[in-house]
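Student: The file below is target33.txt, compact mmCIF, N, CA and C atoms:
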```txt
# COMPACT_ATOMS: atom_id res chain seq x y z
N MET V 1189 9.24 -38.90 6.38
CA MET V 1189 9.67 -37.52 6.45
C MET V 1189 10.07 -37.01 5.06
N ARG V 1190 10.70 -37.87 4.27
CA ARG V 1190 11.11 -37.47 2.93
C ARG V 1190 9.90 -37.18 2.05
N ARG V 1191 8.89 -38.02 2.18
CA ARG V 1191 7.68 -37.83 1.38
C ARG V 1191 7.01 -36.50 1.74
N PHE V 1192 6.96 -36.21 3.04
CA PHE V 1192 6.36 -34.95 3.49
C PHE V 1192 7.14 -33.76 2.93
N MET V 1193 8.47 -33.82 3.03
CA MET V 1193 9.29 -32.71 2.53
C MET V 1193 9.12 -32.55 1.02
N GLY V 1194 9.01 -33.67 0.30
CA GLY V 1194 8.80 -33.61 -1.14
C GLY V 1194 7.48 -32.93 -1.48
N PHE V 1195 6.40 -33.33 -0.79
CA PHE V 1195 5.11 -32.69 -1.03
C PHE V 1195 5.12 -31.23 -0.61
N PHE V 1196 5.77 -30.92 0.49
CA PHE V 1196 5.86 -29.55 0.97
C PHE V 1196 6.59 -28.66 -0.03
N LEU V 1197 7.73 -29.15 -0.53
CA LEU V 1197 8.48 -28.38 -1.53
C LEU V 1197 7.71 -28.22 -2.83
N LEU V 1198 7.02 -29.28 -3.23
CA LEU V 1198 6.22 -29.19 -4.45
C LEU V 1198 5.09 -28.18 -4.29
N ALA V 1199 4.44 -28.19 -3.13
CA ALA V 1199 3.36 -27.23 -2.88
C ALA V 1199 3.89 -25.80 -2.88
N ILE V 1200 5.00 -25.56 -2.25
CA ILE V 1200 5.57 -24.21 -2.22
C ILE V 1200 6.00 -23.78 -3.62
N LEU V 1201 6.60 -24.69 -4.38
CA LEU V 1201 7.02 -24.37 -5.74
C LEU V 1201 5.81 -24.03 -6.62
N LEU V 1202 4.76 -24.83 -6.54
CA LEU V 1202 3.56 -24.55 -7.34
C LEU V 1202 2.90 -23.24 -6.92
N PHE V 1203 2.86 -22.97 -5.60
CA PHE V 1203 2.27 -21.73 -5.12
C PHE V 1203 3.08 -20.53 -5.60
N THR V 1204 4.40 -20.66 -5.58
CA THR V 1204 5.26 -19.56 -6.04
C THR V 1204 5.07 -19.31 -7.53
N ILE V 1205 5.06 -20.38 -8.32
CA ILE V 1205 4.87 -20.21 -9.76
C ILE V 1205 3.48 -19.63 -10.04
N GLY V 1206 2.47 -20.10 -9.32
CA GLY V 1206 1.12 -19.57 -9.50
C GLY V 1206 1.03 -18.10 -9.15
N SER V 1207 1.69 -17.68 -8.07
CA SER V 1207 1.62 -16.27 -7.68
C SER V 1207 2.38 -15.38 -8.65
N LEU V 1208 3.40 -15.93 -9.32
CA LEU V 1208 4.12 -15.14 -10.31
C LEU V 1208 3.34 -15.03 -11.62
N LEU V 1209 2.56 -16.05 -11.95
CA LEU V 1209 1.80 -16.04 -13.19
C LEU V 1209 0.44 -15.37 -13.06
N LEU V 1210 -0.06 -15.21 -11.84
CA LEU V 1210 -1.39 -14.64 -11.62
C LEU V 1210 -1.57 -13.25 -12.23
N PRO V 1211 -0.60 -12.33 -12.10
CA PRO V 1211 -0.82 -11.01 -12.71
C PRO V 1211 -0.98 -11.07 -14.22
N ARG V 1212 -0.49 -12.11 -14.89
CA ARG V 1212 -0.65 -12.23 -16.33
C ARG V 1212 -2.11 -12.39 -16.72
N TYR V 1213 -2.93 -12.94 -15.83
CA TYR V 1213 -4.34 -13.11 -16.14
C TYR V 1213 -5.10 -11.79 -16.03
N HIS V 1214 -4.53 -10.80 -15.38
CA HIS V 1214 -5.19 -9.50 -15.22
C HIS V 1214 -4.53 -8.44 -16.10
N GLN V 1215 -3.99 -8.84 -17.24
CA GLN V 1215 -3.32 -7.90 -18.13
C GLN V 1215 -4.29 -7.09 -18.97
N GLU V 1216 -5.57 -7.34 -18.85
CA GLU V 1216 -6.55 -6.56 -19.59
C GLU V 1216 -6.52 -5.12 -19.10
N ASN V 1217 -6.81 -4.22 -19.98
CA ASN V 1217 -6.86 -2.81 -19.63
C ASN V 1217 -8.31 -2.34 -19.66
N PRO V 1218 -9.06 -2.65 -18.61
CA PRO V 1218 -10.47 -2.28 -18.66
C PRO V 1218 -10.66 -0.76 -18.56
N THR V 1219 -11.67 -0.30 -19.23
CA THR V 1219 -12.04 1.10 -19.15
C THR V 1219 -13.41 1.17 -18.49
N THR V 1220 -13.51 1.98 -17.47
CA THR V 1220 -14.77 2.17 -16.79
C THR V 1220 -15.27 3.56 -17.13
N SER V 1221 -16.54 3.66 -17.41
CA SER V 1221 -17.10 4.97 -17.70
C SER V 1221 -18.38 5.14 -16.90
N GLY V 1222 -18.75 6.37 -16.68
CA GLY V 1222 -19.95 6.65 -15.91
C GLY V 1222 -20.47 8.03 -16.20
N PHE V 1223 -21.55 8.36 -15.52
CA PHE V 1223 -22.26 9.61 -15.77
C PHE V 1223 -22.56 10.26 -14.42
N PHE V 1224 -22.13 11.51 -14.26
CA PHE V 1224 -22.44 12.28 -13.07
C PHE V 1224 -23.69 13.10 -13.36
N SER V 1225 -24.71 12.95 -12.51
CA SER V 1225 -25.97 13.65 -12.78
C SER V 1225 -26.13 14.95 -12.00
N GLY V 1226 -25.23 15.26 -11.11
CA GLY V 1226 -25.34 16.50 -10.36
C GLY V 1226 -24.38 16.51 -9.19
N ASP V 1227 -24.49 17.54 -8.37
CA ASP V 1227 -23.59 17.70 -7.24
C ASP V 1227 -23.72 16.53 -6.27
N GLY V 1228 -22.60 15.93 -5.92
CA GLY V 1228 -22.58 14.82 -4.95
C GLY V 1228 -22.75 13.46 -5.57
N SER V 1229 -22.99 13.37 -6.87
CA SER V 1229 -23.13 12.04 -7.49
C SER V 1229 -21.75 11.39 -7.61
N SER V 1230 -21.74 10.06 -7.70
CA SER V 1230 -20.45 9.37 -7.74
C SER V 1230 -20.50 8.17 -8.69
N VAL V 1231 -19.31 7.76 -9.09
CA VAL V 1231 -19.10 6.57 -9.91
C VAL V 1231 -18.06 5.74 -9.19
N SER V 1232 -18.29 4.44 -9.08
CA SER V 1232 -17.33 3.58 -8.39
C SER V 1232 -16.65 2.65 -9.38
N VAL V 1233 -15.43 2.27 -9.05
CA VAL V 1233 -14.67 1.33 -9.86
C VAL V 1233 -13.90 0.41 -8.91
N PHE V 1234 -13.90 -0.89 -9.22
CA PHE V 1234 -13.14 -1.86 -8.45
C PHE V 1234 -11.89 -2.23 -9.23
N VAL V 1235 -10.74 -2.19 -8.57
CA VAL V 1235 -9.49 -2.59 -9.22
C VAL V 1235 -8.90 -3.78 -8.45
N PRO V 1236 -8.49 -4.85 -9.17
CA PRO V 1236 -7.95 -6.03 -8.49
C PRO V 1236 -6.51 -5.89 -8.04
N THR V 1237 -5.76 -4.95 -8.62
CA THR V 1237 -4.37 -4.72 -8.22
C THR V 1237 -4.11 -3.22 -8.23
N ALA V 1238 -3.00 -2.84 -7.63
CA ALA V 1238 -2.62 -1.43 -7.68
C ALA V 1238 -2.34 -1.06 -9.14
N ARG V 1239 -2.62 0.18 -9.49
CA ARG V 1239 -2.44 0.58 -10.89
C ARG V 1239 -2.37 2.09 -11.04
N ARG V 1240 -1.90 2.50 -12.19
CA ARG V 1240 -1.90 3.91 -12.59
C ARG V 1240 -3.01 4.05 -13.62
N VAL V 1241 -3.89 5.03 -13.41
CA VAL V 1241 -5.05 5.20 -14.29
C VAL V 1241 -5.06 6.60 -14.89
N ALA V 1242 -5.74 6.69 -16.03
CA ALA V 1242 -6.00 7.97 -16.67
C ALA V 1242 -7.46 8.31 -16.44
N ILE V 1243 -7.72 9.51 -15.96
CA ILE V 1243 -9.07 9.96 -15.67
C ILE V 1243 -9.42 11.08 -16.65
N ASN V 1244 -10.54 10.93 -17.32
CA ASN V 1244 -10.99 11.93 -18.28
C ASN V 1244 -12.43 12.31 -17.91
N VAL V 1245 -12.66 13.58 -17.60
CA VAL V 1245 -13.99 14.08 -17.25
C VAL V 1245 -14.37 15.18 -18.23
N VAL V 1246 -15.56 15.07 -18.80
CA VAL V 1246 -16.06 16.06 -19.76
C VAL V 1246 -17.41 16.56 -19.26
N THR V 1247 -17.58 17.88 -19.24
CA THR V 1247 -18.85 18.47 -18.80
C THR V 1247 -19.54 19.14 -19.98
N GLU V 1248 -20.81 19.42 -19.78
CA GLU V 1248 -21.58 20.08 -20.83
C GLU V 1248 -21.47 21.60 -20.74
N ASN V 1249 -20.96 22.09 -19.62
CA ASN V 1249 -20.79 23.54 -19.50
C ASN V 1249 -19.36 23.84 -19.09
N GLY V 1250 -18.96 25.07 -19.18
CA GLY V 1250 -17.60 25.47 -18.87
C GLY V 1250 -17.40 25.96 -17.45
N LYS V 1251 -18.35 25.67 -16.57
CA LYS V 1251 -18.23 26.13 -15.19
C LYS V 1251 -17.26 25.27 -14.41
N GLY V 1252 -16.77 25.82 -13.32
CA GLY V 1252 -15.81 25.09 -12.48
C GLY V 1252 -16.45 23.95 -11.70
N TYR V 1253 -15.71 22.92 -11.49
CA TYR V 1253 -16.16 21.76 -10.71
C TYR V 1253 -14.94 21.03 -10.17
N GLU V 1254 -15.19 20.06 -9.33
CA GLU V 1254 -14.09 19.23 -8.83
C GLU V 1254 -14.56 17.78 -8.72
N VAL V 1255 -13.60 16.89 -8.85
CA VAL V 1255 -13.84 15.46 -8.70
C VAL V 1255 -12.88 14.97 -7.62
N GLN V 1256 -13.46 14.37 -6.57
CA GLN V 1256 -12.65 13.82 -5.49
C GLN V 1256 -12.62 12.30 -5.63
N VAL V 1257 -11.46 11.71 -5.35
CA VAL V 1257 -11.28 10.26 -5.44
C VAL V 1257 -11.18 9.72 -4.02
N PHE V 1258 -12.13 8.82 -3.68
CA PHE V 1258 -12.21 8.25 -2.34
C PHE V 1258 -11.73 6.81 -2.38
N ASP V 1259 -10.78 6.48 -1.50
CA ASP V 1259 -10.25 5.12 -1.37
C ASP V 1259 -10.98 4.42 -0.24
N SER V 1260 -11.77 3.39 -0.55
CA SER V 1260 -12.55 2.71 0.49
C SER V 1260 -11.70 1.82 1.37
N VAL V 1261 -10.50 1.43 0.93
CA VAL V 1261 -9.60 0.61 1.75
C VAL V 1261 -9.00 1.45 2.86
N ARG V 1262 -8.53 2.64 2.51
CA ARG V 1262 -7.92 3.53 3.51
C ARG V 1262 -8.94 4.45 4.16
N ASN V 1263 -10.15 4.48 3.62
CA ASN V 1263 -11.26 5.27 4.14
C ASN V 1263 -10.95 6.77 4.17
N ARG V 1264 -10.38 7.26 3.08
CA ARG V 1264 -10.08 8.68 2.97
C ARG V 1264 -9.98 9.08 1.50
N PHE V 1265 -10.04 10.38 1.24
CA PHE V 1265 -9.88 10.89 -0.11
C PHE V 1265 -8.40 10.92 -0.47
N ILE V 1266 -8.07 10.46 -1.67
CA ILE V 1266 -6.67 10.42 -2.07
C ILE V 1266 -6.33 11.46 -3.14
N ALA V 1267 -7.35 12.07 -3.75
CA ALA V 1267 -7.08 13.09 -4.76
C ALA V 1267 -8.26 14.04 -4.87
N ASN V 1268 -7.95 15.26 -5.27
CA ASN V 1268 -8.96 16.29 -5.50
C ASN V 1268 -8.60 16.98 -6.81
N LEU V 1269 -9.39 16.73 -7.84
CA LEU V 1269 -9.11 17.27 -9.17
C LEU V 1269 -10.08 18.41 -9.45
N SER V 1270 -9.57 19.62 -9.62
CA SER V 1270 -10.41 20.79 -9.91
C SER V 1270 -10.16 21.25 -11.34
N ALA V 1271 -11.23 21.68 -12.01
CA ALA V 1271 -11.07 22.13 -13.40
C ALA V 1271 -12.26 22.94 -13.85
N MET V 1272 -12.11 23.53 -15.03
CA MET V 1272 -13.19 24.17 -15.77
C MET V 1272 -13.19 23.51 -17.14
N GLY V 1273 -14.33 23.05 -17.58
CA GLY V 1273 -14.38 22.37 -18.88
C GLY V 1273 -14.14 20.89 -18.75
N SER V 1274 -12.97 20.43 -19.17
CA SER V 1274 -12.69 19.00 -19.09
C SER V 1274 -11.37 18.75 -18.37
N ILE V 1275 -11.23 17.53 -17.85
CA ILE V 1275 -10.02 17.14 -17.10
C ILE V 1275 -9.43 15.91 -17.77
N TYR V 1276 -8.13 15.90 -17.91
CA TYR V 1276 -7.39 14.66 -18.16
C TYR V 1276 -6.29 14.62 -17.13
N SER V 1277 -6.29 13.58 -16.29
CA SER V 1277 -5.31 13.48 -15.23
C SER V 1277 -4.91 12.03 -15.04
N GLU V 1278 -3.67 11.83 -14.66
CA GLU V 1278 -3.19 10.49 -14.33
C GLU V 1278 -3.06 10.38 -12.82
N LEU V 1279 -3.45 9.24 -12.28
CA LEU V 1279 -3.52 9.06 -10.84
C LEU V 1279 -3.09 7.66 -10.45
N GLU V 1280 -2.45 7.54 -9.32
CA GLU V 1280 -2.01 6.28 -8.76
C GLU V 1280 -3.09 5.74 -7.82
N LEU V 1281 -3.58 4.54 -8.06
CA LEU V 1281 -4.48 3.84 -7.14
C LEU V 1281 -3.63 2.81 -6.41
N PRO V 1282 -3.29 3.06 -5.13
CA PRO V 1282 -2.23 2.30 -4.46
C PRO V 1282 -2.56 0.86 -4.07
N ASP V 1283 -3.82 0.50 -3.94
CA ASP V 1283 -4.19 -0.84 -3.48
C ASP V 1283 -5.31 -1.40 -4.35
N SER V 1284 -5.56 -2.69 -4.17
CA SER V 1284 -6.76 -3.25 -4.78
C SER V 1284 -7.95 -2.85 -3.92
N GLY V 1285 -9.11 -2.74 -4.53
CA GLY V 1285 -10.30 -2.35 -3.80
C GLY V 1285 -11.19 -1.45 -4.63
N THR V 1286 -12.18 -0.87 -3.97
CA THR V 1286 -13.15 0.00 -4.64
C THR V 1286 -12.77 1.46 -4.43
N TYR V 1287 -12.82 2.20 -5.51
CA TYR V 1287 -12.56 3.64 -5.47
C TYR V 1287 -13.80 4.36 -5.98
N TYR V 1288 -14.12 5.48 -5.33
CA TYR V 1288 -15.29 6.27 -5.69
C TYR V 1288 -14.83 7.62 -6.23
N PHE V 1289 -15.39 8.01 -7.37
CA PHE V 1289 -15.12 9.31 -7.96
C PHE V 1289 -16.36 10.17 -7.71
N VAL V 1290 -16.22 11.18 -6.84
CA VAL V 1290 -17.34 12.00 -6.39
C VAL V 1290 -17.27 13.36 -7.09
N TYR V 1291 -18.39 13.73 -7.72
CA TYR V 1291 -18.47 14.96 -8.51
C TYR V 1291 -19.10 16.07 -7.68
N HIS V 1292 -18.46 17.24 -7.67
CA HIS V 1292 -19.01 18.42 -7.02
C HIS V 1292 -19.06 19.55 -8.05
N GLY V 1293 -20.24 19.82 -8.53
CA GLY V 1293 -20.40 20.88 -9.51
C GLY V 1293 -21.83 20.93 -10.00
N ASN V 1294 -22.12 21.91 -10.83
CA ASN V 1294 -23.47 22.06 -11.40
C ASN V 1294 -23.53 21.37 -12.75
N GLY V 1295 -24.67 20.85 -13.07
CA GLY V 1295 -24.85 20.21 -14.36
C GLY V 1295 -24.41 18.76 -14.35
N THR V 1296 -24.25 18.22 -15.55
CA THR V 1296 -23.88 16.82 -15.69
C THR V 1296 -22.48 16.70 -16.27
N ALA V 1297 -21.90 15.52 -16.09
CA ALA V 1297 -20.55 15.27 -16.60
C ALA V 1297 -20.41 13.78 -16.89
N ARG V 1298 -19.49 13.46 -17.78
CA ARG V 1298 -19.15 12.07 -18.07
C ARG V 1298 -17.72 11.82 -17.62
N ILE V 1299 -17.48 10.60 -17.10
CA ILE V 1299 -16.14 10.23 -16.66
C ILE V 1299 -15.74 8.93 -17.33
N ALA V 1300 -14.47 8.83 -17.68
CA ALA V 1300 -13.88 7.59 -18.19
C ALA V 1300 -12.59 7.35 -17.43
N VAL V 1301 -12.41 6.14 -16.94
CA VAL V 1301 -11.21 5.76 -16.20
C VAL V 1301 -10.57 4.59 -16.93
N GLY V 1302 -9.35 4.76 -17.38
CA GLY V 1302 -8.64 3.70 -18.10
C GLY V 1302 -7.33 3.36 -17.42
N THR V 1303 -6.92 2.11 -17.53
CA THR V 1303 -5.69 1.65 -16.91
C THR V 1303 -4.49 1.96 -17.81
N LEU V 1304 -3.45 2.56 -17.22
CA LEU V 1304 -2.20 2.82 -17.94
C LEU V 1304 -1.15 1.76 -17.61
N ALA V 1305 -1.05 1.39 -16.32
CA ALA V 1305 -0.06 0.40 -15.89
C ALA V 1305 -0.58 -0.30 -14.63
N MET V 1306 -0.20 -1.56 -14.48
CA MET V 1306 -0.60 -2.34 -13.30
C MET V 1306 0.65 -2.91 -12.64
N TYR V 1307 0.58 -3.07 -11.34
CA TYR V 1307 1.66 -3.68 -10.58
C TYR V 1307 1.09 -4.22 -9.28
N PRO V 1308 1.79 -5.15 -8.63
CA PRO V 1308 1.26 -5.71 -7.39
C PRO V 1308 1.27 -4.66 -6.27
N SER V 1309 0.27 -4.74 -5.40
CA SER V 1309 0.21 -3.83 -4.27
C SER V 1309 1.23 -4.25 -3.21
N GLY V 1310 1.41 -3.42 -2.20
CA GLY V 1310 2.38 -3.69 -1.14
C GLY V 1310 2.10 -4.99 -0.41
N ASN V 1311 0.82 -5.29 -0.15
CA ASN V 1311 0.48 -6.53 0.55
C ASN V 1311 0.83 -7.75 -0.28
N VAL V 1312 0.60 -7.70 -1.57
CA VAL V 1312 0.94 -8.83 -2.44
C VAL V 1312 2.45 -9.02 -2.47
N LEU V 1313 3.20 -7.94 -2.53
CA LEU V 1313 4.66 -8.05 -2.53
C LEU V 1313 5.17 -8.65 -1.23
N LYS V 1314 4.57 -8.28 -0.10
CA LYS V 1314 4.99 -8.85 1.18
C LYS V 1314 4.79 -10.36 1.19
N ILE V 1315 3.66 -10.82 0.66
CA ILE V 1315 3.37 -12.26 0.61
C ILE V 1315 4.37 -12.96 -0.31
N GLU V 1316 4.64 -12.38 -1.47
CA GLU V 1316 5.60 -13.00 -2.38
C GLU V 1316 6.99 -13.05 -1.77
N TYR V 1317 7.42 -12.02 -1.06
CA TYR V 1317 8.73 -12.03 -0.42
C TYR V 1317 8.78 -13.07 0.70
N LEU V 1318 7.70 -13.20 1.45
CA LEU V 1318 7.64 -14.19 2.52
C LEU V 1318 7.74 -15.61 1.96
N ILE V 1319 7.00 -15.86 0.89
CA ILE V 1319 7.05 -17.19 0.27
C ILE V 1319 8.43 -17.46 -0.32
N GLY V 1320 9.00 -16.46 -0.97
CA GLY V 1320 10.34 -16.62 -1.55
C GLY V 1320 11.38 -16.89 -0.48
N GLY V 1321 11.30 -16.17 0.64
CA GLY V 1321 12.23 -16.40 1.75
C GLY V 1321 12.07 -17.78 2.36
N THR V 1322 10.81 -18.24 2.48
CA THR V 1322 10.56 -19.58 3.02
C THR V 1322 11.13 -20.65 2.11
N VAL V 1323 10.92 -20.51 0.81
CA VAL V 1323 11.47 -21.48 -0.15
C VAL V 1323 12.99 -21.48 -0.09
N ALA V 1324 13.61 -20.30 -0.02
CA ALA V 1324 15.07 -20.23 0.06
C ALA V 1324 15.57 -20.89 1.34
N PHE V 1325 14.89 -20.67 2.45
CA PHE V 1325 15.30 -21.26 3.72
C PHE V 1325 15.18 -22.79 3.67
N VAL V 1326 14.06 -23.28 3.14
CA VAL V 1326 13.86 -24.73 3.06
C VAL V 1326 14.88 -25.36 2.13
N LEU V 1327 15.13 -24.74 1.00
CA LEU V 1327 16.12 -25.28 0.07
C LEU V 1327 17.53 -25.24 0.65
N ALA V 1328 17.83 -24.23 1.45
CA ALA V 1328 19.14 -24.16 2.10
C ALA V 1328 19.26 -25.21 3.21
N ALA V 1329 18.14 -25.55 3.85
CA ALA V 1329 18.17 -26.51 4.96
C ALA V 1329 18.18 -27.95 4.48
N LEU V 1330 17.71 -28.22 3.27
CA LEU V 1330 17.65 -29.60 2.77
C LEU V 1330 19.01 -30.28 2.70
N PRO V 1331 20.04 -29.65 2.16
CA PRO V 1331 21.35 -30.34 2.16
C PRO V 1331 21.86 -30.61 3.58
N TRP V 1332 21.60 -29.68 4.48
CA TRP V 1332 22.04 -29.86 5.87
C TRP V 1332 21.33 -31.06 6.50
N MET V 1333 20.03 -31.20 6.23
CA MET V 1333 19.28 -32.32 6.77
C MET V 1333 19.75 -33.63 6.13
N GLY V 1334 20.12 -33.62 4.85
CA GLY V 1334 20.62 -34.82 4.19
C GLY V 1334 21.96 -35.26 4.73
N VAL V 1335 22.83 -34.31 5.07
CA VAL V 1335 24.16 -34.63 5.64
C VAL V 1335 23.99 -35.21 7.04
N LYS V 1336 23.01 -34.71 7.78
CA LYS V 1336 22.80 -35.14 9.15
C LYS V 1336 22.33 -36.61 9.20
N GLN V 1337 21.58 -37.05 8.20
CA GLN V 1337 21.10 -38.42 8.18
C GLN V 1337 22.21 -39.30 7.72
```
Please re-express this file's structure in structure tokens.
Tutor:
Amino acid sequence: MRRFMGFFLLAILLFTIGSLLLPRYHQENPTTSGFFSGDGSSVSVFVPTARRVAINVVTENGKGYEVQVFDSVRNRFIANLSAMGSIYSELELPDSGTYYFVYHGNGTARIAVGTLAMYPSGNVLKIEYLIGGTVAFVLAALPWMGVKQ
């Protein structure tokens, strides 16, 4: 039983340390860029964690247009950016997954999406809290089990 508890605690400790260090491997600030060729065209971007991004759209003409941001995880549009000329906007992408930037307008446009800040999504935080609570419970129970023997 002692050997099992030792391996169990070691596994939980390593998993906890690994989950805390994992976001450090995704500290890169990737920039995604694309080209809108006309009304209804889209550019997709995959993000591994929740993040705040800067969106920059430049058109060749000064006519009005809009860019809608579609979240494939929630299956709905999360933002609607309207402008004439060019747009610079900051937006929260709440989960990991694929996001689609859909262009509605005449002519062509270029888009660039850059990461400003990253943080764990709600699901990742729930898992980390569950693991932390389990480790705390097991560590609190170990002295009690030692006294009982």
Student: Nearest to Glu1278 of chain V: which of V:Val1257, V:Ala1297, V:Val1241, V:Leu1313 is it, counting all atoms listed in the file?
Tutor: V:Val1241
Student: Among chain V, which residues does DSSP mark as strand (DSSP E) when it is run on the backbone? Keep the chain and numbering as in the structure and answer as a PyMOL selection string.
Tutor: chain V and resi 1219-1224+1230-1235+1238-1247+1252-1259+1264-1272+1274-1281+1285-1292+1297-1307
Student: List every residue of segment 1201-1283 of chain V that DSSP, applied to the backbone of this structure, places in helix (DSSP H, G or I), and write the result as a ChimeraX atom specification.
Tutor: /V:1201-1213
Student: When distances are computed from all atoms listed in the file, which of V:Thr1286, V:Asn1311, V:Thr1303, V:Ser1274 shows the smallest separation from Arg1239 of chain V?
Tutor: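 Selected residue with least distance to Arg1239 of chain V: V:Thr1303.
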Student: As an exercise, work out the distance from atom CA of Val1233 of chain V to atom CA of Ile1315 of chain V in Å and give it to one decimal place.
Tutor: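 Computing it gives 24.9 Å between the two atoms.
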Student: Hey, what's within 8 Å of Leu1281 of chain V if we count only N, CA and C atoms and toss same-chain stuff fewer than 2 positions away? As a ChimeraX atom specification, please?
Tutor: /V:1237-1241,1278-1279,1283-1284,1309
Student: For His1292 of chain V, which of V:Gly1228, V:Gly1250, V:Pro1331, V:Gly1320 is the closest residue, counting only C-alpha atoms?
Tutor: V:Gly1228
Student: Restricting the calculation to only N, CA and C atoms, which member of V:Thr1247, V:Gly1310, V:Asp1259, V:Ala1242 is positioned closest to Gly1273 of chain V?
Tutor: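 Closest to Gly1273 of chain V, using only N, CA and C atoms: V:Thr1247.
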Student: What separation in Å, quoted to one decimal, exists between atom CA of Gly1226 of chain V and atom N of Arg1298 of chain V?
Tutor: 9.9 Å
Student: Have a look at atom C of Phe1203 of chain V and atom N of Val1235 of chain V and let me know their distance in Å, one decimal.
Tutor: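 Value for the atom C of Phe1203 of chain V-atom N of Val1235 of chain V distance: 23.2 Å.
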Student: Which residues are close to Gly1194 of chain V, i.e. within 12 Å by only C-alpha atoms, leaving aside same-chain residues fewer than 5 positions away? Reply as JSON, numbers by chain.
Tutor: {"V": [1189, 1199, 1200, 1201, 1326, 1327, 1330]}
Student: Given only N, CA and C atoms as the basis, pick out the residue of V:Ser1229, V:Val1246, V:Phe1195, V:Thr1204 nearest to Thr1296 of chain V.
Tutor: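 Under the stated criterion, the closest residue is V:Val1246.
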Student: Excluding Gly1252 of chain V and residues on its chain fewer than 5 positions from it, collect all residues at most 7 Å away from it, counting all atoms listed in the file, and give them as a compact mmCIF listing (two decimals) with N, CA and C atoms, in the coordinates of the input.
Tutor:
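To be explicit, this is the file written out as part_3.txt:
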```txt
# COMPACT_ATOMS: atom_id res chain seq x y z
N SER V 1270 -9.57 19.62 -9.62
CA SER V 1270 -10.41 20.79 -9.91
C SER V 1270 -10.16 21.25 -11.34
N ALA V 1271 -11.23 21.68 -12.01
CA ALA V 1271 -11.07 22.13 -13.40
C ALA V 1271 -12.26 22.94 -13.85
N MET V 1272 -12.11 23.53 -15.03
CA MET V 1272 -13.19 24.17 -15.77
C MET V 1272 -13.19 23.51 -17.14
N GLY V 1273 -14.33 23.05 -17.58
CA GLY V 1273 -14.38 22.37 -18.88
C GLY V 1273 -14.14 20.89 -18.75
N HIS V 1292 -18.46 17.24 -7.67
CA HIS V 1292 -19.01 18.42 -7.02
C HIS V 1292 -19.06 19.55 -8.05
N GLY V 1293 -20.24 19.82 -8.53
CA GLY V 1293 -20.40 20.88 -9.51
C GLY V 1293 -21.83 20.93 -10.00
N ASN V 1294 -22.12 21.91 -10.83
CA ASN V 1294 -23.47 22.06 -11.40
C ASN V 1294 -23.53 21.37 -12.75
```
Student: With only C-alpha atoms as the basis for distance, which of V:Leu1202, V:Ala1329, V:Val1261, V:Ile1275 is at the shortest distance from Tyr1287 of chain V?
Tutor: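 Using only C-alpha atoms, the shortest distance to Tyr1287 of chain V belongs to V:Val1261.
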